[in-house]
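Printed here is query.cif (mmCIF, C-alpha atoms and all ligand atoms):
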data_data
loop_
_atom_site.label_atom_id
_atom_site.label_comp_id
_atom_site.auth_asym_id
_atom_site.auth_seq_id
_atom_site.Cartn_x
_atom_site.Cartn_y
_atom_site.Cartn_z
CA MET A 1 135.79 97.28 109.60
CA ALA A 2 135.88 100.58 111.45
CA LEU A 3 138.28 102.97 113.12
CA SER A 4 137.27 103.13 116.75
CA ARG A 5 139.96 105.57 117.89
CA LEU A 6 142.19 108.04 116.10
CA LEU A 7 145.17 110.02 117.37
CA ILE A 8 146.80 112.73 115.29
CA GLU A 9 149.87 114.83 116.01
CA HIS A 10 151.18 117.73 113.90
CA PHE A 11 149.19 116.99 110.76
CA ARG A 12 148.46 120.36 109.07
CA ASN A 13 146.59 122.48 111.65
CA LEU A 14 145.71 119.41 113.77
CA THR A 15 148.29 119.72 116.54
CA ALA A 16 146.93 117.13 118.96
CA VAL A 17 143.72 115.22 118.28
CA ASP A 18 142.39 112.18 120.15
CA LEU A 19 138.96 110.94 119.06
CA GLU A 20 136.67 108.07 120.04
CA LEU A 21 134.77 107.39 116.84
CA ASP A 22 131.37 105.99 116.04
CA HIS A 23 131.29 102.80 113.96
CA GLY A 24 128.41 104.35 112.03
CA PHE A 25 128.43 108.03 111.06
CA ASN A 26 130.88 110.70 112.20
CA PHE A 27 129.93 114.26 111.31
CA LEU A 28 132.60 116.95 111.17
CA VAL A 29 131.13 120.43 111.29
CA GLY A 30 133.15 123.64 111.17
CA ALA A 31 133.94 126.87 109.38
CA ASN A 32 136.25 127.31 106.39
CA GLY A 33 139.87 126.52 107.24
CA SER A 34 138.97 124.85 110.58
CA GLY A 35 140.50 121.44 109.78
CA LYS A 36 137.71 119.21 108.41
CA THR A 37 139.47 118.21 105.19
CA SER A 38 142.70 117.79 107.16
CA LEU A 39 141.04 115.21 109.40
CA LEU A 40 139.77 113.25 106.38
CA GLU A 41 143.21 113.62 104.79
CA ALA A 42 144.82 112.18 107.95
CA ILE A 43 142.52 109.12 107.87
CA PHE A 44 143.20 108.68 104.15
CA TYR A 45 146.95 108.98 104.80
CA LEU A 46 146.79 106.24 107.42
CA GLY A 47 145.23 103.91 104.85
CA HIS A 48 147.31 104.86 101.81
CA GLY A 49 150.64 106.29 102.99
CA ARG A 50 149.94 109.34 100.85
CA SER A 51 147.63 112.33 100.68
CA PHE A 52 144.72 112.90 98.28
CA LYS A 53 145.61 116.60 98.28
CA SER A 54 149.33 117.15 98.32
CA ALA A 55 152.20 115.16 96.83
CA VAL A 56 154.76 116.97 99.02
CA THR A 57 154.69 115.46 102.50
CA ASN A 58 156.60 118.35 104.07
CA ARG A 59 153.63 120.60 103.32
CA ILE A 60 151.39 118.29 105.35
CA ILE A 61 153.56 118.22 108.48
CA SER A 62 152.50 121.15 110.72
CA TYR A 63 154.67 124.21 110.13
CA GLU A 64 158.00 124.05 112.00
CA GLN A 65 157.39 120.53 113.35
CA PRO A 66 159.82 117.67 112.62
CA HIS A 67 157.18 115.00 111.91
CA PHE A 68 153.53 114.03 111.93
CA LEU A 69 152.13 110.98 113.66
CA LEU A 70 148.91 109.08 113.05
CA HIS A 71 147.63 106.26 115.17
CA GLY A 72 144.42 104.30 114.80
CA ARG A 73 142.60 101.43 116.45
CA ILE A 74 140.83 99.25 113.90
CA GLN A 75 138.03 96.85 114.69
CA GLU A 76 136.75 94.21 112.32
CA GLN A 77 134.29 91.67 113.72
CA GLN A 78 136.14 90.10 116.70
CA HIS A 79 139.60 91.35 115.65
CA GLN A 80 141.41 94.47 116.68
CA TRP A 81 144.56 96.09 115.33
CA SER A 82 146.58 99.06 116.42
CA VAL A 83 148.21 100.85 113.48
CA GLY A 84 150.61 103.77 113.39
CA LEU A 85 152.31 105.84 110.74
CA GLN A 86 154.98 108.45 111.34
CA LYS A 87 156.44 110.64 108.65
CA LEU A 88 159.60 112.61 109.29
CA ARG A 89 160.54 115.85 107.56
CA GLN A 90 163.75 114.17 106.32
CA GLY A 91 161.55 111.74 104.39
CA ASN A 92 161.54 108.51 106.43
CA THR A 93 158.25 106.71 107.02
CA ILE A 94 157.70 104.37 109.96
CA VAL A 95 154.73 102.01 109.82
CA LYS A 96 153.73 99.99 112.88
CA ILE A 97 151.07 97.33 113.17
CA ASN A 98 150.29 96.02 116.66
CA GLY A 99 153.47 97.68 117.92
CA GLU A 100 155.75 95.93 115.42
CA ASP A 101 158.05 97.82 113.05
CA GLY A 102 159.01 96.77 109.57
CA ASN A 103 155.54 96.83 108.04
CA LYS A 104 154.78 98.27 104.62
CA ILE A 105 152.18 100.79 103.52
CA ALA A 106 150.52 97.96 101.57
CA ASP A 107 149.92 96.13 104.89
CA LEU A 108 148.10 99.19 106.23
CA ALA A 109 146.14 99.55 103.01
CA HIS A 110 144.94 95.94 103.29
CA LEU A 111 143.63 96.59 106.79
CA LEU A 112 141.94 99.89 105.92
CA PRO A 113 139.99 99.82 102.64
CA MET A 114 138.61 103.32 102.04
CA GLN A 115 136.58 105.26 99.53
CA ILE A 116 136.90 109.00 99.30
CA ILE A 117 134.41 111.48 97.85
CA THR A 118 135.74 115.05 97.63
CA PRO A 119 134.93 118.00 95.36
CA GLU A 120 138.39 117.51 93.76
CA GLY A 121 137.65 113.81 93.18
CA LEU A 122 135.83 114.64 89.94
CA THR A 123 139.20 113.96 88.28
CA LEU A 124 138.02 110.34 88.35
CA LEU A 125 135.74 111.40 85.48
CA ASN A 126 137.28 114.50 83.92
CA GLY A 127 140.97 113.83 84.65
CA GLY A 128 143.42 111.58 82.81
CA PRO A 129 143.18 107.77 82.56
CA SER A 130 145.58 107.30 85.50
CA TYR A 131 142.73 108.21 87.89
CA ARG A 132 140.50 105.51 86.43
CA ARG A 133 143.32 102.93 86.39
CA ALA A 134 143.84 103.72 90.08
CA PHE A 135 140.10 103.09 90.60
CA LEU A 136 140.30 99.62 89.02
CA ASP A 137 143.60 98.81 90.71
CA TRP A 138 142.16 99.72 94.13
CA GLY A 139 139.59 96.98 93.60
CA LEU A 140 142.13 94.44 92.41
CA PHE A 141 144.42 95.22 95.33
CA HIS A 142 141.61 94.15 97.69
CA HIS A 143 140.05 91.37 95.58
CA GLN A 144 142.87 89.66 93.72
CA SER A 145 145.72 88.01 95.59
CA GLY A 146 148.94 88.39 93.62
CA PHE A 147 147.82 91.63 91.98
CA HIS A 148 150.02 93.94 94.04
CA THR A 149 153.18 91.92 93.32
CA ALA A 150 152.35 91.59 89.61
CA TRP A 151 151.59 95.32 89.35
CA SER A 152 154.83 96.29 91.13
CA ASN A 153 156.89 93.96 88.90
CA LEU A 154 155.16 95.31 85.80
CA HIS A 155 156.04 98.88 86.70
CA ARG A 156 159.64 97.91 87.47
CA LEU A 157 159.98 96.14 84.12
CA LEU A 158 158.50 99.09 82.22
CA LYS A 159 160.93 101.47 83.91
CA GLN A 160 163.84 99.21 83.00
CA ARG A 161 162.58 98.91 79.42
CA ASN A 162 162.27 102.67 79.03
CA ALA A 163 165.82 103.10 80.29
CA ALA A 164 167.06 100.34 77.94
CA LEU A 165 165.40 102.01 74.93
CA PHE A 166 168.06 104.73 75.14
CA GLN A 167 170.92 102.27 75.20
CA THR A 168 170.12 99.80 72.45
CA SER A 169 169.55 100.08 68.72
CA ASN A 170 168.70 96.41 68.25
CA TYR A 171 165.32 95.02 69.34
CA GLN A 172 166.79 91.54 69.93
CA ALA A 173 168.55 92.91 73.03
CA LEU A 174 165.17 93.89 74.51
CA LYS A 175 163.23 90.81 73.47
CA ILE A 176 164.26 88.65 76.39
CA TRP A 177 162.98 91.33 78.84
CA ASP A 178 159.81 91.85 76.86
CA MET A 179 158.82 88.19 77.26
CA GLU A 180 158.39 88.71 81.02
CA LEU A 181 156.69 92.07 80.46
CA VAL A 182 154.19 90.54 78.03
CA LYS A 183 153.28 87.82 80.51
CA LEU A 184 152.62 90.32 83.29
CA ALA A 185 150.78 92.74 80.98
CA HIS A 186 148.36 90.01 79.90
CA GLN A 187 147.80 88.91 83.49
CA VAL A 188 147.17 92.43 84.85
CA SER A 189 144.91 93.35 81.92
CA GLN A 190 142.89 90.17 82.28
CA TRP A 191 142.38 90.85 85.97
CA ARG A 192 141.38 94.45 85.26
CA GLU A 193 138.92 93.41 82.57
CA ASN A 194 137.36 90.74 84.78
CA TYR A 195 137.05 93.15 87.67
CA ALA A 196 135.51 95.88 85.48
CA GLU A 197 132.99 93.31 84.22
CA ALA A 198 132.16 92.09 87.75
CA LEU A 199 131.62 95.67 88.91
CA ARG A 200 129.42 96.63 85.97
CA PRO A 201 126.03 95.43 87.41
CA GLU A 202 126.72 97.23 90.69
CA ILE A 203 127.61 100.44 88.81
CA GLU A 204 124.54 100.19 86.58
CA LYS A 205 122.26 99.62 89.58
CA THR A 206 123.64 102.65 91.46
CA CYS A 207 123.60 104.88 88.36
CA ALA A 208 119.96 103.97 87.72
CA GLN A 209 119.18 105.17 91.23
CA PHE A 210 121.33 108.35 91.21
CA LEU A 211 120.99 109.39 87.55
CA PRO A 212 117.77 107.84 86.23
CA GLU A 213 117.60 110.47 83.47
CA LEU A 214 120.80 109.14 81.86
CA GLU A 215 121.95 105.87 80.41
CA ILE A 216 125.54 105.36 81.57
CA GLN A 217 127.81 103.08 79.52
CA VAL A 218 131.04 101.71 80.91
CA SER A 219 133.95 100.32 78.88
CA PHE A 220 137.41 98.97 79.67
CA HIS A 221 140.38 99.66 77.38
CA GLN A 222 143.46 97.59 78.02
CA GLY A 223 146.03 100.01 76.54
CA TRP A 224 146.72 98.29 73.24
CA GLU A 225 144.64 97.03 70.28
CA LYS A 226 142.13 94.55 71.59
CA GLU A 227 142.83 91.49 69.46
CA ALA A 228 146.56 92.13 68.92
CA ASP A 229 149.36 90.24 70.63
CA TYR A 230 151.15 92.60 73.02
CA GLY A 231 154.54 91.01 72.24
CA ASP A 232 154.07 91.79 68.51
CA ILE A 233 153.10 95.36 69.34
CA LEU A 234 156.24 95.89 71.41
CA MET A 235 158.37 94.50 68.58
CA ARG A 236 156.59 96.47 65.83
CA ASN A 237 156.78 99.74 67.75
CA PHE A 238 160.38 99.44 68.89
CA GLU A 239 161.63 102.27 66.62
CA ARG A 240 158.72 104.53 67.60
CA ASP A 241 159.19 103.84 71.34
CA LYS A 242 162.91 104.45 70.99
CA ALA A 243 162.29 107.77 69.22
CA ILE A 244 159.91 109.07 71.91
CA GLY A 245 161.92 107.54 74.76
CA TYR A 246 159.23 105.41 76.41
CA THR A 247 156.86 102.48 75.82
CA LEU A 248 153.72 103.99 74.33
CA SER A 249 151.34 101.00 74.40
CA GLY A 250 150.53 98.70 77.26
CA PRO A 251 148.70 98.29 80.57
CA GLN A 252 150.24 101.59 81.71
CA LYS A 253 147.81 103.22 79.23
CA ALA A 254 144.67 101.32 80.22
CA ASP A 255 141.45 103.25 80.80
CA PHE A 256 137.97 102.67 82.17
CA ARG A 257 135.67 105.08 80.30
CA PHE A 258 132.18 106.34 80.97
CA LYS A 259 129.64 107.63 78.50
CA ALA A 260 126.19 109.13 79.06
CA ASN A 261 123.74 108.46 76.25
CA GLY A 262 126.73 107.70 74.01
CA LEU A 263 128.79 110.82 74.79
CA PRO A 264 131.82 111.23 77.09
CA VAL A 265 130.50 112.12 80.56
CA GLU A 266 133.07 114.88 81.10
CA ASP A 267 131.68 116.72 78.05
CA VAL A 268 127.96 116.50 78.74
CA LEU A 269 127.22 116.05 82.44
CA SER A 270 126.64 118.97 84.84
CA ARG A 271 128.92 119.25 87.88
CA GLY A 272 126.20 117.84 90.14
CA GLN A 273 125.66 114.92 87.76
CA LEU A 274 129.43 114.29 87.64
CA LYS A 275 129.54 114.28 91.43
CA LEU A 276 126.64 111.82 91.57
CA LEU A 277 128.34 109.55 89.06
CA MET A 278 131.55 109.67 91.08
CA CYS A 279 129.56 108.81 94.23
CA ALA A 280 127.84 105.97 92.36
CA LEU A 281 131.20 104.52 91.30
CA ARG A 282 132.72 104.71 94.76
CA LEU A 283 129.63 103.28 96.45
CA ALA A 284 129.39 100.49 93.89
CA GLN A 285 133.03 99.60 94.46
CA GLY A 286 132.67 99.64 98.25
CA GLU A 287 129.54 97.51 98.14
CA HIS A 288 131.12 95.06 95.71
CA LEU A 289 133.92 94.53 98.23
CA MET A 290 131.32 93.90 100.90
CA ALA A 291 129.39 91.44 98.72
CA GLN A 292 132.46 89.51 97.55
CA LYS A 293 134.81 89.65 100.52
CA ASN A 294 132.50 90.46 103.41
CA ARG A 295 134.62 93.53 104.19
CA HIS A 296 133.32 97.02 104.83
CA CYS A 297 135.30 99.98 103.63
CA ILE A 298 135.34 103.38 105.30
CA PHE A 299 133.66 106.21 103.35
CA LEU A 300 135.19 109.68 103.63
CA ILE A 301 132.85 112.38 102.29
CA ASP A 302 134.29 115.89 102.19
CA ASP A 303 131.92 118.81 101.79
CA PHE A 304 128.85 116.57 101.54
CA ALA A 305 126.46 119.31 100.44
CA SER A 306 128.48 120.83 97.61
CA GLU A 307 126.93 120.57 94.13
CA LEU A 308 123.96 118.45 95.32
CA ASP A 309 120.33 119.51 95.61
CA GLU A 310 118.22 118.29 98.53
CA THR A 311 116.80 115.25 96.75
CA LYS A 312 120.24 114.06 95.67
CA ARG A 313 121.71 114.65 99.13
CA GLY A 314 118.89 112.45 100.45
CA LEU A 315 119.68 109.70 97.92
CA LEU A 316 123.38 109.70 98.79
CA ALA A 317 122.62 109.75 102.52
CA GLU A 318 120.25 106.79 102.15
CA ARG A 319 122.78 104.69 100.21
CA LEU A 320 125.53 105.43 102.71
CA GLN A 321 123.22 104.47 105.57
CA SER A 322 122.18 101.19 103.99
CA SER A 323 125.83 100.29 103.27
CA GLY A 324 126.35 99.63 106.99
CA SER A 325 129.85 101.13 106.68
CA GLN A 326 131.65 103.62 108.84
CA VAL A 327 131.23 107.07 107.30
CA PHE A 328 132.97 110.40 107.92
CA VAL A 329 131.10 113.40 106.56
CA SER A 330 132.22 117.02 106.62
CA ALA A 331 129.98 120.07 106.31
CA ILE A 332 130.14 123.75 107.15
CA THR A 333 126.84 123.80 109.05
CA HIS A 334 124.58 121.27 110.77
CA GLU A 335 121.76 122.28 108.40
CA GLN A 336 123.72 120.87 105.46
CA LEU A 337 123.44 117.46 107.12
CA THR A 338 119.64 117.53 107.51
CA GLN A 339 119.22 114.67 105.01
CA MET A 340 121.54 112.46 107.06
CA GLN A 341 119.45 110.67 109.67
CA PRO A 342 121.50 107.61 110.60
CA LYS A 343 120.53 105.53 113.60
CA LYS A 344 124.01 105.86 115.09
CA HIS A 345 126.19 108.92 114.77
CA ARG A 346 128.55 111.23 116.57
CA THR A 347 129.03 114.90 115.76
CA PHE A 348 132.35 116.70 116.16
CA CYS A 349 132.81 120.46 116.10
CA VAL A 350 135.98 121.46 114.28
CA ASN A 351 137.36 124.81 115.32
CA ASN A 352 140.81 126.09 114.45
CA GLY A 353 142.43 122.63 114.58
CA ASN A 354 140.55 121.56 117.73
CA ILE A 355 138.02 118.77 117.39
CA MET A 356 135.43 118.37 120.13
CA PRO A 357 132.53 115.89 120.33
CA VAL A 358 129.18 117.68 120.62
N1 LIG A 401 151.39 122.23 107.07
C1 LIG A 401 150.47 122.96 107.69
N2 LIG A 401 150.65 123.34 108.99
C2 LIG A 401 149.70 124.05 109.66
N3 LIG A 401 148.54 124.45 109.09
C3 LIG A 401 148.32 124.10 107.81
C4 LIG A 401 149.26 123.34 107.04
N4 LIG A 401 148.75 123.14 105.80
C5 LIG A 401 147.56 123.75 105.78
N5 LIG A 401 147.29 124.34 106.97
C6 LIG A 401 146.08 125.08 107.39
O1 LIG A 401 145.18 124.14 107.94
C7 LIG A 401 143.86 124.68 107.95
C8 LIG A 401 142.84 123.62 107.75
O2 LIG A 401 142.51 123.43 106.40
P1 LIG A 401 141.34 122.44 105.94
O3 LIG A 401 141.50 122.29 104.48
O4 LIG A 401 141.37 121.21 106.76
O5 LIG A 401 140.03 123.29 106.31
P2 LIG A 401 138.49 122.91 106.12
O6 LIG A 401 137.87 122.85 107.48
O7 LIG A 401 138.36 121.70 105.28
O8 LIG A 401 137.95 124.20 105.37
P3 LIG A 401 136.93 124.37 104.12
O9 LIG A 401 135.55 124.40 104.71
O10 LIG A 401 137.31 125.71 103.59
O11 LIG A 401 137.15 123.28 103.15
C9 LIG A 401 143.89 125.83 106.95
O12 LIG A 401 143.80 127.05 107.66
C10 LIG A 401 145.26 125.73 106.30
O13 LIG A 401 145.79 126.96 105.94
MG MG A 402 137.71 121.42 103.34
#

Show me, as structure tokens, the structure contained in the file I just sent.
Ligand SMILES: Nc1ncnc2c1ncn2[C@@H]1O[C@H](COP(=O)(O)OP(=O)(O)OP(=O)(O)O)[C@@H](O)[C@H]1O
Ligand SMILES: [Mg+2]
Amino acid sequence: MALSRLLIEHFRNLTAVDLELDHGFNFLVGANGSGKTSLLEAIFYLGHGRSFKSAVTNRIISYEQPHFLLHGRIQEQQHQWSVGLQKLRQGNTIVKINGEDGNKIADLAHLLPMQIITPEGLTLLNGGPSYRRAFLDWGLFHHQSGFHTAWSNLHRLLKQRNAALFQTSNYQALKIWDMELVKLAHQVSQWRENYAEALRPEIEKTCAQFLPELEIQVSFHQGWEKEADYGDILMRNFERDKAIGYTLSGPQKADFRFKANGLPVEDVLSRGQLKLLMCALRLAQGEHLMAQKNRHCIFLIDDFASELDETKRGLLAERLQSSGSQVFVSAITHEQLTQMQPKKHRTFCVNNGNIMPV
């Protein structure tokens, strides 16, 4: 799967962009503030309906413009799709697939699996568990049919339960709702655990290549005591949950933790090692999708050179090349891309919001 063409209107400093893209590597080279991250952010937005940088959409729309518009042509084997996403300042989102309205962001996300590697993405390792749940859930969204519906229902039920905690002093009134919640919690956790287990060999293989000096251990935590029945936990903790105003245990607290030689990675790894581990995780996940579903994801690499020495840049470049995926890589100078020697590539110069093929 690859984006063969991309049109952008009024997205940050990208006023009007129209690019024919390479199905292999696309290099974005330009000075600070020229628009490289914005281009990657626009591609990410097209595949997620949200930014990796800013939660407030109005800050993404170009100053004084009423909307932004993204349009892409996707090619996967013999198939082709035209996808569009428009976001208005008033808040509405319009998603079009092959010219038809009424599509959801999830439909776009299914068509455009993506992995992003940015300097800020270290939150996957040193941020809260929500980043690592999102990592697992990305995989399940693409691998497990029924996951998206189950996950959405689970979140709706938890919201309703938290609201009900304020209104009732008797657990019996909640029990009937909890039965459905327990069923979904077990299902989602089982899927997450299975996926984490299936991904483990791929992660170990990539870590051995990127961080041979360390032994990385991976563990999944479902969000409540391992052998306990979730229904019992909800019942036992009713008074506690009521006192704090929300449900403390459950799949909404799950985590996927990483240790290096037995210690939490965020405490002992250098920034370069953390970046390499993040790259290893994202590559492993992308390649697992390829192996299981025969689908390539797009890799977005912002500020490729930051934190990495020459040898490590070479390792990352080699793995990206052998993945056979479409890759977008940003750098400030051409020299920073010396280690990238793909067979097929296109270079774009980014200058003050203008993007020109070289
Ligand atoms: N809503 C907006 N409208 C117009 N311009 C914006 C908006 N939001 C941000 N900008 C500007 O867009 C420009 C592009 O920023 P971007 O982060 O893409 O640069 P970059 O090329 O990645 O730079 P760096 O090398 O420093 O990371 C910046 O000058 C920024 O101030
Ligand atoms: Mg940038």

Enumerate as a count of residues only the residues within 8 Å of ligand LIG 401 (chain A), counting all atoms listed in the file. 30

Counting only C-alpha atoms and all ligand atoms, the option among A:Lys53, A:Lys183, A:His48, A:Arg89 closest to ligand MG 402 (chain A):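 Smallest distance to ligand MG 402 (chain A) is found for A:Lys53.
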
I'd like to know which of A:Trp151, A:Gln75, A:Gln190, A:Ser306 is closest to ligand MG 402 (chain A), using only C-alpha atoms and all ligand atoms.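 Checking each of A:Trp151, A:Gln75, A:Gln190, A:Ser306 against ligand MG 402 (chain A), counting only C-alpha atoms and all ligand atoms, the winner is A:Ser306.
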
Set out as a Markdown table a contact list for segment 272-353 of chain A and segment 96-120 of chain A with a cut-off of 8 Å, giving each residue of segment 272-353 of chain A that qualifies its closest atom pair and distance in Å to one decimal, counting all atoms listed in the file, ordered by chain and rising residue number.
| residue | atom | partner | partner_atom | distance |
| --- | --- | --- | --- | --- |
| A:Lys275 | CA | A:Pro119 | CA | 7.6 |
| A:Met278 | CA | A:Ile117 | CA | 7.6 |
| A:Cys279 | CA | A:Ile117 | CA | 6.6 |
| A:Arg282 | CA | A:Gln115 | CA | 6.2 |
| A:Leu283 | CA | A:Gln115 | CA | 7.9 |
| A:Gly286 | CA | A:Gln115 | CA | 7.0 |
| A:His296 | CA | A:Pro113 | CA | 7.6 |
| A:Cys297 | CA | A:Pro113 | CA | 4.8 |
| A:Ile298 | CA | A:Met114 | CA | 4.6 |
| A:Phe299 | CA | A:Gln115 | CA | 4.9 |
| A:Leu300 | CA | A:Ile116 | CA | 4.7 |
| A:Ile301 | CA | A:Ile117 | CA | 4.8 |
| A:Asp302 | CA | A:Thr118 | CA | 4.9 |
| A:Asp303 | CA | A:Thr118 | CA | 6.8 |
| A:Ser306 | CA | A:Pro119 | CA | 7.4 |

Quick one: of A:Ile216, A:Val327, A:Leu136, A:Ala163, who's nearest to Gln285 of chain A, counting all atoms listed in the file?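 Ranked by minimum distance to Gln285 of chain A, first place goes to A:Leu136.
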
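Each of A:Ile176, A:Arg161, A:Leu28, A:Lys226 was compared to ligand MG 402 (chain A) using all atoms listed in the file, and A:Leu28 turns out to be the nearest.
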
If I take atom CA of Lys205 of chain A and atom CA of Glu310 of chain A, how far is one from the other in Å, to one decimal?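 According to the coordinates, atom CA of Lys205 of chain A and atom CA of Glu310 of chain A are separated by 21.1 Å.
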
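Residue nearest Thr347 of chain A, chosen from A:Glu307, A:Pro251, A:Leu276, A:His334 and counting all atoms listed in the file: A:His334.
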
Test item: residues at most 8 Å from segment 229-236 of chain A, all atoms listed in the file, excluding those fewer than 4 positions along its chain, as an MDAnalysis selection string: chainID A and resid 171 175 178:179 182 185:186 224 247 249:250

Restricting the calculation to all atoms listed in the file: of A:Leu184, A:Gly324, A:Phe304, A:Gly262, which residue gets closest to ligand MG 402 (chain A)?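 Among A:Leu184, A:Gly324, A:Phe304, A:Gly262, it is A:Phe304 that comes nearest to ligand MG 402 (chain A).
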
Box dimensions and centre (Å, one decimal) enclosing segment 76-85 of chain A, axis-aligned, 3 Å extra per side, as JSON:
{"center_x": 143.3, "center_y": 98.0, "center_z": 113.7, "size_x": 24.0, "size_y": 21.7, "size_z": 12.0}

Just how far from atom CA of Leu69 of chain A is atom CA of Ser130 of chain A, in Å to one decimal?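 The value is 29.1 Å.
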
Spatial sel., origin (130.7, 99.8, 111.4), limit 7 Å, all atoms listed in the file, listed as a PyMOL selection string: chain A and resi 1-2+23-24+324-326

Could you work out how far atom CA of Phe238 of chain A lies from atom CA of Asn170 of chain A, giving the answer in Å with one decimal?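 One can read the atom CA of Asn170 of chain A to atom CA of Phe238 of chain A distance as 8.9 Å.
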
Set the distance at 8 Å and use all atoms listed in the file: which residues neighbour Cys207 of chain A once local chain neighbours fewer than 3 positions away are removed? I'd like the list as a ChimeraX atom specification. /A:203-204,210-212,216,277,280

Spatial neighbours of His288 of chain A, 12 Å, all atoms listed in the file, chain gap at least 4 places, as a list in words: Gly139, Leu140, His142, His143, Tyr195, Ala196, Glu197, Ala198, Leu199, Arg200, Pro201, Glu202, Ile203, Lys205, Thr206, Ala280, Leu281, Arg282, Leu283, Ala284, Gln292, Lys293, Asn294, Arg295, His296, Cys297 and Ser323 of chain A

Now that the selection is made, can you save its residues with C-alpha atoms as a PDB file, keeping the file's coordinate frame?
ATOM      1  CA  GLY A 139     139.590  96.980  93.600  1.00  0.00           C
ATOM      2  CA  LEU A 140     142.130  94.440  92.410  1.00  0.00           C
ATOM      3  CA  HIS A 142     141.610  94.150  97.690  1.00  0.00           C
ATOM      4  CA  HIS A 143     140.050  91.370  95.580  1.00  0.00           C
ATOM      5  CA  TYR A 195     137.050  93.150  87.670  1.00  0.00           C
ATOM      6  CA  ALA A 196     135.510  95.880  85.480  1.00  0.00           C
ATOM      7  CA  GLU A 197     132.990  93.310  84.220  1.00  0.00           C
ATOM      8  CA  ALA A 198     132.160  92.090  87.750  1.00  0.00           C
ATOM      9  CA  LEU A 199     131.620  95.670  88.910  1.00  0.00           C
ATOM     10  CA  ARG A 200     129.420  96.630  85.970  1.00  0.00           C
ATOM     11  CA  PRO A 201     126.030  95.430  87.410  1.00  0.00           C
ATOM     12  CA  GLU A 202     126.720  97.230  90.690  1.00  0.00           C
ATOM     13  CA  ILE A 203     127.610 100.440  88.810  1.00  0.00           C
ATOM     14  CA  LYS A 205     122.260  99.620  89.580  1.00  0.00           C
ATOM     15  CA  THR A 206     123.640 102.650  91.460  1.00  0.00           C
ATOM     16  CA  ALA A 280     127.840 105.970  92.360  1.00  0.00           C
ATOM     17  CA  LEU A 281     131.200 104.520  91.300  1.00  0.00           C
ATOM     18  CA  ARG A 282     132.720 104.710  94.760  1.00  0.00           C
ATOM     19  CA  LEU A 283     129.630 103.280  96.450  1.00  0.00           C
ATOM     20  CA  ALA A 284     129.390 100.490  93.890  1.00  0.00           C
ATOM     21  CA  GLN A 292     132.460  89.510  97.550  1.00  0.00           C
ATOM     22  CA  LYS A 293     134.810  89.650 100.520  1.00  0.00           C
ATOM     23  CA  ASN A 294     132.500  90.460 103.410  1.00  0.00           C
ATOM     24  CA  ARG A 295     134.620  93.530 104.190  1.00  0.00           C
ATOM     25  CA  HIS A 296     133.320  97.020 104.830  1.00  0.00           C
ATOM     26  CA  CYS A 297     135.300  99.980 103.630  1.00  0.00           C
ATOM     27  CA  SER A 323     125.830 100.290 103.270  1.00  0.00           C
TER      28      SER A 323
END

Residues at most 6 Å from Gly84 of chain A, counting all atoms listed in the file, excluding those fewer than 4 positions away in the same chain, as number ranges by chain? A: 70-71, 95-96
